[in-house]
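Structure first, commentary second.
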Amino acid sequence: MAAKDDAKGPIQVIDRMMKLLDVLATHPEPLGLKQIAQNTGLHPSTVHRILSAMAGGRLVDRMDPGSYRLGMRLLDLGNLVRSRISVRELALPVMRELHAHTGETVNLSVRHDDEIVYVERTSSGRSAMRVVHVIGARAPLHITAAGKLFLLEEGFAKLREYAKRTGLTAHTKNTITSLPLLERELERIQRQGWATDNEEAEIGVRCVAAAVRDDAGQLIAALSISSPADRMKPTWGPLVKESAERIAHAVGHRRDGTRIGAA
């Protein structure tokens, strides 16, 4: 019986610490002891005891007069965790699920200058995907579903600069080479929440892509499905979007725009 009590004690303290951190995380300003106790439902003496221990470890900072805020050690630990996170590692399980569900090639890509670079893919070899769908391959932003997401993210003023730099070179008869048409395409993407490529990079191949955002809300990668044009399904747009949001959540992005663990 004593062993059970001993085990329960530390677990209970950890649970209470998490409650305190959650309350402090939802308030940008320092909170007083009484307010923290009210928000957590804990007795003020319990709150004071735990906060004192947390202040010693710099998990919280004690402010005057008798108020508390999240401590700088959390920032140190958060930066360490962030530096060790690989979006490729976090994306792979979701990519495998998406591939198993659709049977098509699933890509993860990032932006480099005026091109998309494919950094990961899952494929069973069912589709004869050529050209841009090999890891390390590149493609201009305006011809790919993934690339259009990055153009939209940068805004329409930057889009005009991109068009001037690249000339919106055609790769197939379906490539969008007109700036007004490309602007309308980005507006459509903005409304629906995912991007498409209608045989614009390669005849016979269509893609659908959605944004992967980090804890700061920045677009860091694009998740996409590539398939022969006759196998692409309208339902894959929402599916890719939901999958991209799962990866983003694993990275630290919240759908409501807040950061996980942010004050």
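Naming works like this for the structure tokens: A, B, ... for the chains as they're shown, residue 1 at the start of each chain, ligands 1 onward in shown order.
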Compile the contact shell of A:Thr169 as a ChimeraX atom specification: residues with an atom at most 12 Å away, counting only C-alpha atoms, same-chain residues fewer than 4 positions apart removed. /A:139-143,162-165,173-179,200-201
Output all heavy atoms of each residue in that selection to a file, as a compact mmCIF listing (two decimals), in the first residue's frame.
# COMPACT_ATOMS: atom_id res chain seq x y z
N ALA A 139 11.58 21.54 -59.62
CA ALA A 139 10.64 22.01 -60.63
C ALA A 139 10.28 23.45 -60.34
O ALA A 139 10.23 23.86 -59.17
CB ALA A 139 9.38 21.14 -60.63
N PRO A 140 10.03 24.26 -61.37
CA PRO A 140 9.63 25.65 -61.15
C PRO A 140 8.35 25.73 -60.32
O PRO A 140 7.47 24.87 -60.43
CB PRO A 140 9.41 26.18 -62.57
CG PRO A 140 10.23 25.29 -63.44
CD PRO A 140 10.18 23.93 -62.80
N LEU A 141 8.23 26.78 -59.53
CA LEU A 141 7.10 26.92 -58.63
C LEU A 141 5.76 26.93 -59.36
O LEU A 141 4.79 26.31 -58.91
CB LEU A 141 7.24 28.20 -57.79
CG LEU A 141 8.46 28.28 -56.86
CD1 LEU A 141 8.52 29.65 -56.20
CD2 LEU A 141 8.42 27.19 -55.80
N HIS A 142 5.67 27.65 -60.48
CA HIS A 142 4.37 27.89 -61.09
C HIS A 142 3.78 26.69 -61.82
O HIS A 142 2.60 26.70 -62.17
CB HIS A 142 4.43 29.08 -62.07
CG HIS A 142 5.28 28.85 -63.27
ND1 HIS A 142 6.67 28.84 -63.21
CD2 HIS A 142 4.96 28.61 -64.57
CE1 HIS A 142 7.15 28.62 -64.42
NE2 HIS A 142 6.13 28.48 -65.26
N ILE A 143 4.58 25.63 -62.02
CA ILE A 143 4.06 24.48 -62.75
C ILE A 143 3.61 23.35 -61.83
O ILE A 143 3.11 22.33 -62.30
CB ILE A 143 5.09 23.94 -63.77
CG1 ILE A 143 6.24 23.21 -63.06
CG2 ILE A 143 5.61 25.06 -64.66
CD1 ILE A 143 7.15 22.46 -64.02
N TYR A 162 8.28 37.27 -59.35
CA TYR A 162 8.62 35.91 -59.78
C TYR A 162 8.35 35.75 -61.28
O TYR A 162 9.16 35.19 -62.02
CB TYR A 162 7.80 34.89 -58.98
CG TYR A 162 7.88 33.48 -59.52
CD1 TYR A 162 8.94 32.64 -59.17
CD2 TYR A 162 6.92 32.99 -60.40
CE1 TYR A 162 9.03 31.36 -59.67
CE2 TYR A 162 6.99 31.71 -60.91
CZ TYR A 162 8.06 30.89 -60.55
OH TYR A 162 8.15 29.61 -61.06
N ALA A 163 7.19 36.25 -61.72
CA ALA A 163 6.83 36.14 -63.14
C ALA A 163 7.84 36.85 -64.02
O ALA A 163 8.22 36.36 -65.10
CB ALA A 163 5.43 36.72 -63.36
N LYS A 164 8.31 38.01 -63.57
CA LYS A 164 9.30 38.76 -64.34
C LYS A 164 10.63 38.03 -64.40
O LYS A 164 11.29 37.98 -65.45
CB LYS A 164 9.48 40.15 -63.72
CG LYS A 164 10.35 41.08 -64.53
CD LYS A 164 10.39 42.46 -63.91
CE LYS A 164 11.27 43.43 -64.73
NZ LYS A 164 11.30 44.78 -64.14
N ARG A 165 11.04 37.43 -63.26
CA ARG A 165 12.32 36.70 -63.20
C ARG A 165 12.31 35.47 -64.10
O ARG A 165 13.28 35.17 -64.78
CB ARG A 165 12.62 36.25 -61.76
CG ARG A 165 13.20 37.28 -60.87
CD ARG A 165 13.81 36.64 -59.62
NE ARG A 165 12.94 35.70 -58.93
CZ ARG A 165 12.05 36.03 -58.01
NH1 ARG A 165 11.89 37.31 -57.68
NH2 ARG A 165 11.32 35.11 -57.41
N LYS A 173 1.47 22.12 -72.61
CA LYS A 173 0.45 23.01 -73.17
C LYS A 173 -0.50 23.52 -72.09
O LYS A 173 -1.24 24.49 -72.31
CB LYS A 173 -0.34 22.30 -74.27
CG LYS A 173 -1.12 21.08 -73.81
CD LYS A 173 -1.78 20.39 -74.99
CE LYS A 173 -2.53 19.13 -74.58
NZ LYS A 173 -3.65 19.37 -73.66
N ASN A 174 -0.49 22.89 -70.90
CA ASN A 174 -1.38 23.29 -69.82
C ASN A 174 -0.72 24.23 -68.80
O ASN A 174 -1.41 24.72 -67.90
CB ASN A 174 -1.90 22.06 -69.06
CG ASN A 174 -2.88 21.25 -69.88
OD1 ASN A 174 -3.33 21.70 -70.93
ND2 ASN A 174 -3.21 20.06 -69.41
N THR A 175 0.57 24.46 -68.93
CA THR A 175 1.25 25.35 -67.99
C THR A 175 0.65 26.75 -68.04
O THR A 175 0.39 27.29 -69.12
CB THR A 175 2.75 25.45 -68.33
OG1 THR A 175 3.34 24.15 -68.27
CG2 THR A 175 3.47 26.34 -67.32
N ILE A 176 0.42 27.33 -66.86
CA ILE A 176 -0.11 28.70 -66.79
C ILE A 176 1.04 29.67 -67.04
O ILE A 176 1.98 29.76 -66.24
CB ILE A 176 -0.75 28.97 -65.42
CG1 ILE A 176 -1.93 28.01 -65.19
CG2 ILE A 176 -1.24 30.42 -65.33
CD1 ILE A 176 -2.54 28.11 -63.81
N THR A 177 0.98 30.37 -68.16
CA THR A 177 2.07 31.29 -68.53
C THR A 177 1.62 32.75 -68.50
O THR A 177 2.40 33.64 -68.85
CB THR A 177 2.57 30.95 -69.94
OG1 THR A 177 1.48 31.03 -70.87
CG2 THR A 177 3.17 29.55 -69.98
N SER A 178 0.39 33.00 -68.10
CA SER A 178 -0.16 34.36 -68.02
C SER A 178 -0.24 34.77 -66.55
O SER A 178 -0.80 34.03 -65.72
CB SER A 178 -1.55 34.40 -68.65
OG SER A 178 -2.28 35.53 -68.21
N LEU A 179 0.30 35.95 -66.22
CA LEU A 179 0.26 36.42 -64.84
C LEU A 179 -1.17 36.59 -64.33
O LEU A 179 -1.48 36.12 -63.21
CB LEU A 179 1.04 37.72 -64.69
CG LEU A 179 1.06 38.35 -63.28
CD1 LEU A 179 1.61 37.38 -62.25
CD2 LEU A 179 1.85 39.65 -63.30
N GLU A 200 0.31 20.34 -65.74
CA GLU A 200 1.08 21.55 -66.06
C GLU A 200 2.59 21.31 -66.05
O GLU A 200 3.35 22.05 -66.66
CB GLU A 200 0.71 22.67 -65.07
CG GLU A 200 -0.75 23.09 -65.18
CD GLU A 200 -1.24 23.83 -63.95
OE1 GLU A 200 -0.54 24.77 -63.52
OE2 GLU A 200 -2.30 23.46 -63.41
N ALA A 201 3.02 20.27 -65.32
CA ALA A 201 4.45 19.93 -65.30
C ALA A 201 4.74 18.78 -66.25
O ALA A 201 5.82 18.70 -66.84
CB ALA A 201 4.88 19.54 -63.88
Those in stretch 136-193 of chain A with helix (DSSP H, G or I) from DSSP, as a CSV table (one decimal) with all heavy atoms, in the first residue's frame:
chain,number,residue,atom,x,y,z
A,141,LEU,N,8.2,26.8,-59.5
A,141,LEU,CA,7.1,26.9,-58.6
A,141,LEU,C,5.8,26.9,-59.4
A,141,LEU,O,4.8,26.3,-58.9
A,141,LEU,CB,7.2,28.2,-57.8
A,141,LEU,CG,8.5,28.3,-56.9
A,141,LEU,CD1,8.5,29.6,-56.2
A,141,LEU,CD2,8.4,27.2,-55.8
A,142,HIS,N,5.7,27.6,-60.5
A,142,HIS,CA,4.4,27.9,-61.1
A,142,HIS,C,3.8,26.7,-61.8
A,142,HIS,O,2.6,26.7,-62.2
A,142,HIS,CB,4.4,29.1,-62.1
A,142,HIS,CG,5.3,28.8,-63.3
A,142,HIS,ND1,6.7,28.8,-63.2
A,142,HIS,CD2,5.0,28.6,-64.6
A,142,HIS,CE1,7.1,28.6,-64.4
A,142,HIS,NE2,6.1,28.5,-65.3
A,143,ILE,N,4.6,25.6,-62.0
A,143,ILE,CA,4.1,24.5,-62.8
A,143,ILE,C,3.6,23.4,-61.8
A,143,ILE,O,3.1,22.3,-62.3
A,143,ILE,CB,5.1,23.9,-63.8
A,143,ILE,CG1,6.2,23.2,-63.1
A,143,ILE,CG2,5.6,25.1,-64.7
A,143,ILE,CD1,7.2,22.5,-64.0
A,145,ALA,N,1.6,22.0,-58.1
A,145,ALA,CA,0.7,22.3,-57.0
A,145,ALA,C,1.4,22.8,-55.8
A,145,ALA,O,1.0,23.8,-55.1
A,145,ALA,CB,-0.2,21.0,-56.7
A,146,ALA,N,2.5,22.1,-55.4
A,146,ALA,CA,3.2,22.5,-54.2
A,146,ALA,C,3.8,23.9,-54.4
A,146,ALA,O,3.8,24.7,-53.5
A,146,ALA,CB,4.3,21.5,-53.9
A,147,GLY,N,4.4,24.1,-55.5
A,147,GLY,CA,5.0,25.4,-55.8
A,147,GLY,C,4.0,26.6,-55.7
A,147,GLY,O,4.4,27.7,-55.2
A,148,LYS,N,2.8,26.3,-56.2
A,148,LYS,CA,1.8,27.4,-56.1
A,148,LYS,C,1.5,27.8,-54.7
A,148,LYS,O,1.2,29.0,-54.4
A,148,LYS,CB,0.5,26.9,-56.8
A,148,LYS,CG,0.7,26.8,-58.3
A,148,LYS,CD,-0.6,26.1,-58.9
A,148,LYS,CE,-0.4,25.8,-60.4
A,148,LYS,NZ,-1.6,25.1,-60.9
A,149,LEU,N,1.6,26.9,-53.8
A,149,LEU,CA,1.3,27.2,-52.3
A,149,LEU,C,2.3,28.2,-51.9
A,149,LEU,O,2.0,29.1,-51.1
A,149,LEU,CB,1.4,25.9,-51.5
A,149,LEU,CG,0.3,24.9,-51.7
A,149,LEU,CD1,0.6,23.6,-51.0
A,149,LEU,CD2,-1.1,25.4,-51.3
A,150,PHE,N,3.6,28.0,-52.3
A,150,PHE,CA,4.7,29.0,-51.8
A,150,PHE,C,4.5,30.3,-52.5
A,150,PHE,O,4.8,31.3,-51.9
A,150,PHE,CB,6.0,28.4,-52.1
A,150,PHE,CG,6.4,27.3,-51.1
A,150,PHE,CD1,6.2,26.0,-51.4
A,150,PHE,CD2,7.0,27.6,-49.9
A,150,PHE,CE1,6.5,25.0,-50.5
A,150,PHE,CE2,7.4,26.6,-49.0
A,150,PHE,CZ,7.1,25.3,-49.3
A,151,LEU,N,4.0,30.3,-53.8
A,151,LEU,CA,3.8,31.6,-54.4
A,151,LEU,C,2.6,32.3,-53.8
A,151,LEU,O,2.7,33.6,-53.6
A,151,LEU,CB,3.4,31.3,-55.9
A,151,LEU,CG,4.6,30.9,-56.8
A,151,LEU,CD1,4.1,30.6,-58.2
A,151,LEU,CD2,5.7,31.9,-56.9
A,152,LEU,N,1.6,31.6,-53.4
A,152,LEU,CA,0.5,32.2,-52.6
A,152,LEU,C,0.9,32.8,-51.3
A,152,LEU,O,0.6,33.9,-50.9
A,152,LEU,CB,-0.6,31.2,-52.4
A,152,LEU,CG,-1.8,31.7,-51.6
A,152,LEU,CD1,-2.5,32.9,-52.3
A,152,LEU,CD2,-2.8,30.5,-51.4
A,153,GLU,N,1.8,32.0,-50.6
A,153,GLU,CA,2.3,32.5,-49.3
A,153,GLU,C,3.0,33.8,-49.4
A,153,GLU,O,3.0,34.6,-48.5
A,153,GLU,CB,3.2,31.4,-48.7
A,153,GLU,CG,3.7,31.6,-47.3
A,153,GLU,CD,2.7,31.3,-46.3
A,153,GLU,OE1,1.6,31.0,-46.6
A,153,GLU,OE2,3.1,31.5,-45.1
A,154,GLU,N,3.8,34.0,-50.5
A,154,GLU,CA,4.6,35.2,-50.6
A,154,GLU,C,3.8,36.4,-51.0
A,154,GLU,O,4.2,37.5,-50.8
A,154,GLU,CB,5.7,34.9,-51.7
A,154,GLU,CG,7.0,35.6,-51.4
A,154,GLU,CD,8.0,35.1,-52.4
A,154,GLU,OE1,7.7,34.9,-53.6
A,154,GLU,OE2,9.2,35.0,-52.0
A,156,PHE,N,0.9,38.5,-53.8
A,156,PHE,CA,0.7,38.9,-55.2
A,156,PHE,C,1.8,39.8,-55.7
A,156,PHE,O,2.1,39.8,-56.9
A,156,PHE,CB,-0.7,39.4,-55.5
A,156,PHE,CG,-1.7,38.3,-55.3
A,156,PHE,CD1,-2.4,38.1,-54.1
A,156,PHE,CD2,-2.0,37.4,-56.4
A,156,PHE,CE1,-3.4,37.1,-54.0
A,156,PHE,CE2,-2.9,36.4,-56.3
A,156,PHE,CZ,-3.6,36.2,-55.1
A,157,ALA,N,2.3,40.7,-54.8
A,157,ALA,CA,3.3,41.6,-55.3
A,157,ALA,C,4.6,40.8,-55.6
A,157,ALA,O,5.2,41.1,-56.6
A,157,ALA,CB,3.6,42.6,-54.2
A,158,LYS,N,4.9,39.9,-54.8
A,158,LYS,CA,6.1,39.0,-55.0
A,158,LYS,C,5.9,38.1,-56.2
A,158,LYS,O,6.8,37.7,-56.9
A,158,LYS,CB,6.4,38.2,-53.8
A,158,LYS,CG,6.9,39.0,-52.6
A,158,LYS,CD,8.3,39.5,-52.8
A,158,LYS,CE,8.9,40.1,-51.5
A,158,LYS,NZ,10.2,40.7,-51.7
A,159,LEU,N,4.6,37.7,-56.4
A,159,LEU,CA,4.3,36.9,-57.6
A,159,LEU,C,4.7,37.6,-58.9
A,159,LEU,O,5.2,37.0,-59.8
A,159,LEU,CB,2.8,36.6,-57.6
A,159,LEU,CG,2.3,35.8,-58.8
A,159,LEU,CD1,2.9,34.4,-58.8
A,159,LEU,CD2,0.7,35.7,-58.8
A,160,ARG,N,4.4,38.9,-59.0
A,160,ARG,CA,4.7,39.6,-60.2
A,160,ARG,C,6.3,39.6,-60.4
A,160,ARG,O,6.8,39.6,-61.5
A,160,ARG,CB,4.2,41.1,-60.1
A,160,ARG,CG,2.7,41.1,-60.3
A,160,ARG,CD,2.2,42.5,-60.3
A,160,ARG,NE,2.1,43.2,-59.0
A,160,ARG,CZ,1.1,43.1,-58.2
A,160,ARG,NH1,0.0,42.3,-58.5
A,160,ARG,NH2,1.1,43.7,-57.0
A,161,GLU,N,7.0,39.7,-59.3
A,161,GLU,CA,8.5,39.7,-59.4
A,161,GLU,C,8.9,38.3,-59.9
A,161,GLU,O,9.9,38.2,-60.7
A,161,GLU,CB,9.1,40.0,-58.0
A,161,GLU,CG,8.8,41.4,-57.5
A,161,GLU,CD,9.4,41.7,-56.2
A,161,GLU,OE1,10.2,40.8,-55.7
A,161,GLU,OE2,9.1,42.7,-55.5
A,162,TYR,N,8.3,37.3,-59.3
A,162,TYR,CA,8.6,35.9,-59.8
A,162,TYR,C,8.3,35.7,-61.3
A,162,TYR,O,9.2,35.2,-62.0
A,162,TYR,CB,7.8,34.9,-59.0
A,162,TYR,CG,7.9,33.5,-59.5
A,162,TYR,CD1,8.9,32.6,-59.2
A,162,TYR,CD2,6.9,33.0,-60.4
A,162,TYR,CE1,9.0,31.4,-59.7
A,162,TYR,CE2,7.0,31.7,-60.9
A,162,TYR,CZ,8.1,30.9,-60.5
A,162,TYR,OH,8.2,29.6,-61.1
A,163,ALA,N,7.2,36.3,-61.7
A,163,ALA,CA,6.8,36.1,-63.1
A,163,ALA,C,7.8,36.9,-64.0
A,163,ALA,O,8.2,36.4,-65.1
A,163,ALA,CB,5.4,36.7,-63.4
A,164,LYS,N,8.3,38.0,-63.6
A,164,LYS,CA,9.3,38.8,-64.3
A,164,LYS,C,10.6,38.0,-64.4
A,164,LYS,O,11.3,38.0,-65.4
A,164,LYS,CB,9.5,40.1,-63.7
A,164,LYS,CG,10.4,41.1,-64.5
A,164,LYS,CD,10.4,42.5,-63.9
A,164,LYS,CE,11.3,43.4,-64.7
A,164,LYS,NZ,11.3,44.8,-64.1
A,165,ARG,N,11.0,37.4,-63.3
A,165,ARG,CA,12.3,36.7,-63.2
A,165,ARG,C,12.3,35.5,-64.1
A,165,ARG,O,13.3,35.2,-64.8
A,165,ARG,CB,12.6,36.3,-61.8
A,165,ARG,CG,13.2,37.3,-60.9
A,165,ARG,CD,13.8,36.6,-59.6
A,165,ARG,NE,12.9,35.7,-58.9
A,165,ARG,CZ,12.1,36.0,-58.0
A,165,ARG,NH1,11.9,37.3,-57.7
A,165,ARG,NH2,11.3,35.1,-57.4
A,166,THR,N,11.2,34.7,-64.0
A,166,THR,CA,11.2,33.4,-64.7
A,166,THR,C,10.5,33.4,-66.1
A,166,THR,O,10.8,32.5,-66.9
A,166,THR,CB,10.4,32.4,-63.8
A,166,THR,OG1,9.0,32.8,-63.7
A,166,THR,CG2,11.0,32.3,-62.4
A,179,LEU,N,0.3,35.9,-66.2
A,179,LEU,CA,0.3,36.4,-64.8
A,179,LEU,C,-1.2,36.6,-64.3
A,179,LEU,O,-1.5,36.1,-63.2
A,179,LEU,CB,1.0,37.7,-64.7
A,179,LEU,CG,1.1,38.4,-63.3
A,179,LEU,CD1,1.6,37.4,-62.3
A,179,LEU,CD2,1.9,39.7,-63.3
A,180,PRO,N,-2.1,37.2,-65.1
A,180,PRO,CA,-3.5,37.3,-64.6
A,180,PRO,C,-4.1,36.0,-64.3
A,180,PRO,O,-4.8,35.8,-63.3
A,180,PRO,CB,-4.2,38.1,-65.7
A,180,PRO,CG,-3.1,38.9,-66.4
A,180,PRO,CD,-1.9,38.0,-66.3
A,181,LEU,N,-3.9,35.0,-65.2
A,181,LEU,CA,-4.4,33.6,-65.0
A,181,LEU,C,-3.8,33.0,-63.7
A,181,LEU,O,-4.5,32.3,-63.0
A,181,LEU,CB,-4.2,32.8,-66.2
A,181,LEU,CG,-5.0,33.1,-67.5
A,181,LEU,CD1,-4.6,32.1,-68.6
A,181,LEU,CD2,-6.5,33.0,-67.2
A,182,LEU,N,-2.5,33.2,-63.5
A,182,LEU,CA,-1.9,32.6,-62.4
A,182,LEU,C,-2.4,33.3,-61.1
A,182,LEU,O,-2.6,32.6,-60.1
A,182,LEU,CB,-0.3,32.8,-62.5
A,182,LEU,CG,0.5,32.1,-61.4
A,182,LEU,CD1,0.2,30.6,-61.3
A,182,LEU,CD2,2.0,32.3,-61.6
A,183,GLU,N,-2.6,34.6,-61.1
A,183,GLU,CA,-3.2,35.3,-60.0
A,183,GLU,C,-4.6,34.7,-59.6
A,183,GLU,O,-4.9,34.5,-58.5
A,183,GLU,CB,-3.3,36.8,-60.3
A,183,GLU,CG,-2.0,37.5,-60.2
A,183,GLU,CD,-2.1,38.9,-60.6
A,183,GLU,OE1,-3.1,39.3,-61.3
A,183,GLU,OE2,-1.2,39.7,-60.2
A,184,ARG,N,-5.4,34.4,-60.7
A,184,ARG,CA,-6.7,33.9,-60.4
A,184,ARG,C,-6.6,32.4,-59.9
A,184,ARG,O,-7.4,32.0,-59.0
A,184,ARG,CB,-7.6,33.9,-61.7
A,184,ARG,CG,-8.1,35.2,-62.1
A,184,ARG,CD,-9.3,35.2,-63.0
A,184,ARG,NE,-8.9,34.8,-64.4
A,184,ARG,CZ,-8.5,35.6,-65.3
A,184,ARG,NH1,-8.4,36.9,-65.0
A,184,ARG,NH2,-8.2,35.2,-66.5
A,185,GLU,N,-5.6,31.7,-60.4
A,185,GLU,CA,-5.4,30.4,-59.8
A,185,GLU,C,-5.0,30.4,-58.4
A,185,GLU,O,-5.5,29.6,-57.6
A,185,GLU,CB,-4.3,29.7,-60.6
A,185,GLU,CG,-3.8,28.4,-60.1
A,185,GLU,CD,-4.7,27.2,-60.4
A,185,GLU,OE1,-5.8,27.4,-60.9
A,185,GLU,OE2,-4.3,26.1,-60.0
A,186,LEU,N,-4.2,31.3,-58.0
A,186,LEU,CA,-3.8,31.4,-56.5
A,186,LEU,C,-5.0,31.9,-55.7
A,186,LEU,O,-5.1,31.4,-54.5
A,186,LEU,CB,-2.6,32.4,-56.4
A,186,LEU,CG,-1.3,32.0,-57.1
A,186,LEU,CD1,-0.2,33.0,-56.6
A,186,LEU,CD2,-0.9,30.6,-56.8
A,187,GLU,N,-5.9,32.7,-56.2
A,187,GLU,CA,-7.1,33.1,-55.5
A,187,GLU,C,-8.0,31.9,-55.3
A,187,GLU,O,-8.6,31.8,-54.2
A,187,GLU,CB,-7.8,34.2,-56.3
A,187,GLU,CG,-7.1,35.6,-56.3
A,187,GLU,CD,-7.7,36.6,-57.2
A,187,GLU,OE1,-8.7,36.1,-58.0
A,187,GLU,OE2,-7.3,37.7,-57.2
A,188,ARG,N,-8.1,31.1,-56.3
A,188,ARG,CA,-8.9,29.8,-56.1
A,188,ARG,C,-8.3,28.9,-55.0
A,188,ARG,O,-9.0,28.4,-54.2
A,188,ARG,CB,-8.9,29.1,-57.5
A,188,ARG,CG,-9.8,27.8,-57.5
A,188,ARG,CD,-9.7,27.1,-58.8
A,188,ARG,NE,-8.4,26.6,-59.1
A,188,ARG,CZ,-7.9,25.5,-58.6
A,188,ARG,NH1,-8.7,24.7,-57.8
A,188,ARG,NH2,-6.7,25.1,-58.9
A,189,ILE,N,-6.9,28.8,-55.0
A,189,ILE,CA,-6.3,28.0,-54.0
A,189,ILE,C,-6.5,28.5,-52.7
A,189,ILE,O,-6.8,27.8,-51.7
A,189,ILE,CB,-4.8,27.9,-54.3
A,189,ILE,CG1,-4.5,27.1,-55.6
A,189,ILE,CG2,-4.0,27.3,-53.2
A,189,ILE,CD1,-3.1,27.3,-56.2
A,190,GLN,N,-6.5,29.8,-52.5
A,190,GLN,CA,-6.7,30.5,-51.3
A,190,GLN,C,-8.1,30.2,-50.7
A,190,GLN,O,-8.3,29.9,-49.5
A,190,GLN,CB,-6.5,32.0,-51.4
A,190,GLN,CG,-6.5,32.8,-50.1
A,190,GLN,CD,-6.0,34.2,-50.3
A,190,GLN,OE1,-6.5,34.8,-51.3
A,190,GLN,NE2,-5.2,34.7,-49.5
A,191,ARG,N,-9.1,30.2,-51.6
A,191,ARG,CA,-10.5,29.9,-51.2
A,191,ARG,C,-10.7,28.4,-50.8
A,191,ARG,O,-11.3,28.2,-49.8
A,191,ARG,CB,-11.4,30.2,-52.3
A,191,ARG,CG,-11.6,31.7,-52.6
A,191,ARG,CD,-12.8,32.0,-53.5
A,191,ARG,NE,-12.7,31.3,-54.8
A,191,ARG,CZ,-12.1,31.8,-55.9
A,191,ARG,NH1,-11.6,33.0,-55.8
A,191,ARG,NH2,-12.0,31.1,-57.0
A,192,GLN,N,-10.1,27.5,-51.5
A,192,GLN,CA,-10.4,26.1,-51.3
A,192,GLN,C,-9.5,25.4,-50.3
A,192,GLN,O,-9.8,24.4,-49.6
A,192,GLN,CB,-10.4,25.3,-52.6
A,192,GLN,CG,-9.1,25.1,-53.2
A,192,GLN,CD,-9.2,24.3,-54.5
A,192,GLN,OE1,-10.3,24.1,-55.0
A,192,GLN,NE2,-8.1,23.8,-55.1
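Rounded to one decimal, atom CA of A:Pro44 and atom CA of A:Tyr68 lie 13.3 Å from each other.
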Would you list the contacts of A:Arg246 as an NGL selection string, taking every protein, DNA or RNA residue within 12 Å and counting only C-alpha atoms, but skipping same-chain residues closer than 2 positions in sequence? :A and (87 or 90-95 or 97-98 or 210-214 or 223 or 239-244 or 248-255)
Which neighbours of stretch 227-236 of chain A fall inside 6 Å, counting only C-alpha atoms, when residues of the same chain fewer than 2 positions from it are skipped, and could you give them as a CSV table (one decimal) with C-alpha atoms, in the first residue's frame?
chain,number,residue,atom,x,y,z
A,104,GLU,CA,-0.6,6.8,-55.4
A,204,GLY,CA,-0.7,12.7,-68.1
A,205,VAL,CA,0.2,13.6,-64.5
A,206,ARG,CA,-1.9,15.6,-62.0
A,238,PRO,CA,-9.6,17.7,-48.5
A,239,LEU,CA,-7.7,14.4,-47.7
A,240,VAL,CA,-4.3,15.9,-48.5
In Å and to one decimal, atom CA of A:Pro30 is distant from atom CA of A:Pro65 by 10.0 Å
Write out as a PyMOL selection string the residues lying within 6 Å of stretch 110-124 of chain A, counting only C-alpha atoms and excluding same-chain residues fewer than 2 positions away. chain A and resi 105-108+126+135-141+147+221
Residue nearest A:Ala222 - candidates A:Val47, A:Ala195, A:Leu20, A:Ile203, atoms counted: only C-alpha atoms: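 The closest residue to A:Ala222 is A:Ala195.
Of note, atom CA of A:Trp194 and atom CA of A:Gly103 are spaced 19.7 Å apart.
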Check the DSSP output for the backbone and give back, as a list in words, the residues of stretch 51-89 of chain A in strand (DSSP E or B). Val60, Asp61, Arg62, Met63, Ser67, Tyr68, Arg69 and Leu70 of chain A
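Comparing A:His99, A:Arg73, A:Arg16, A:His171 by their smallest distance to A:Thr40, the closest is A:Arg16 (using only C-alpha atoms).
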Find the residues near stretch 22-25 of chain A: any atom within 12 Å, counting only C-alpha atoms, skip ones fewer than 6 places away on the same chain, and give them as a ChimeraX atom specification. /A:15-16,31-33,35-42,47,51,59-62,67-71,74,258-263
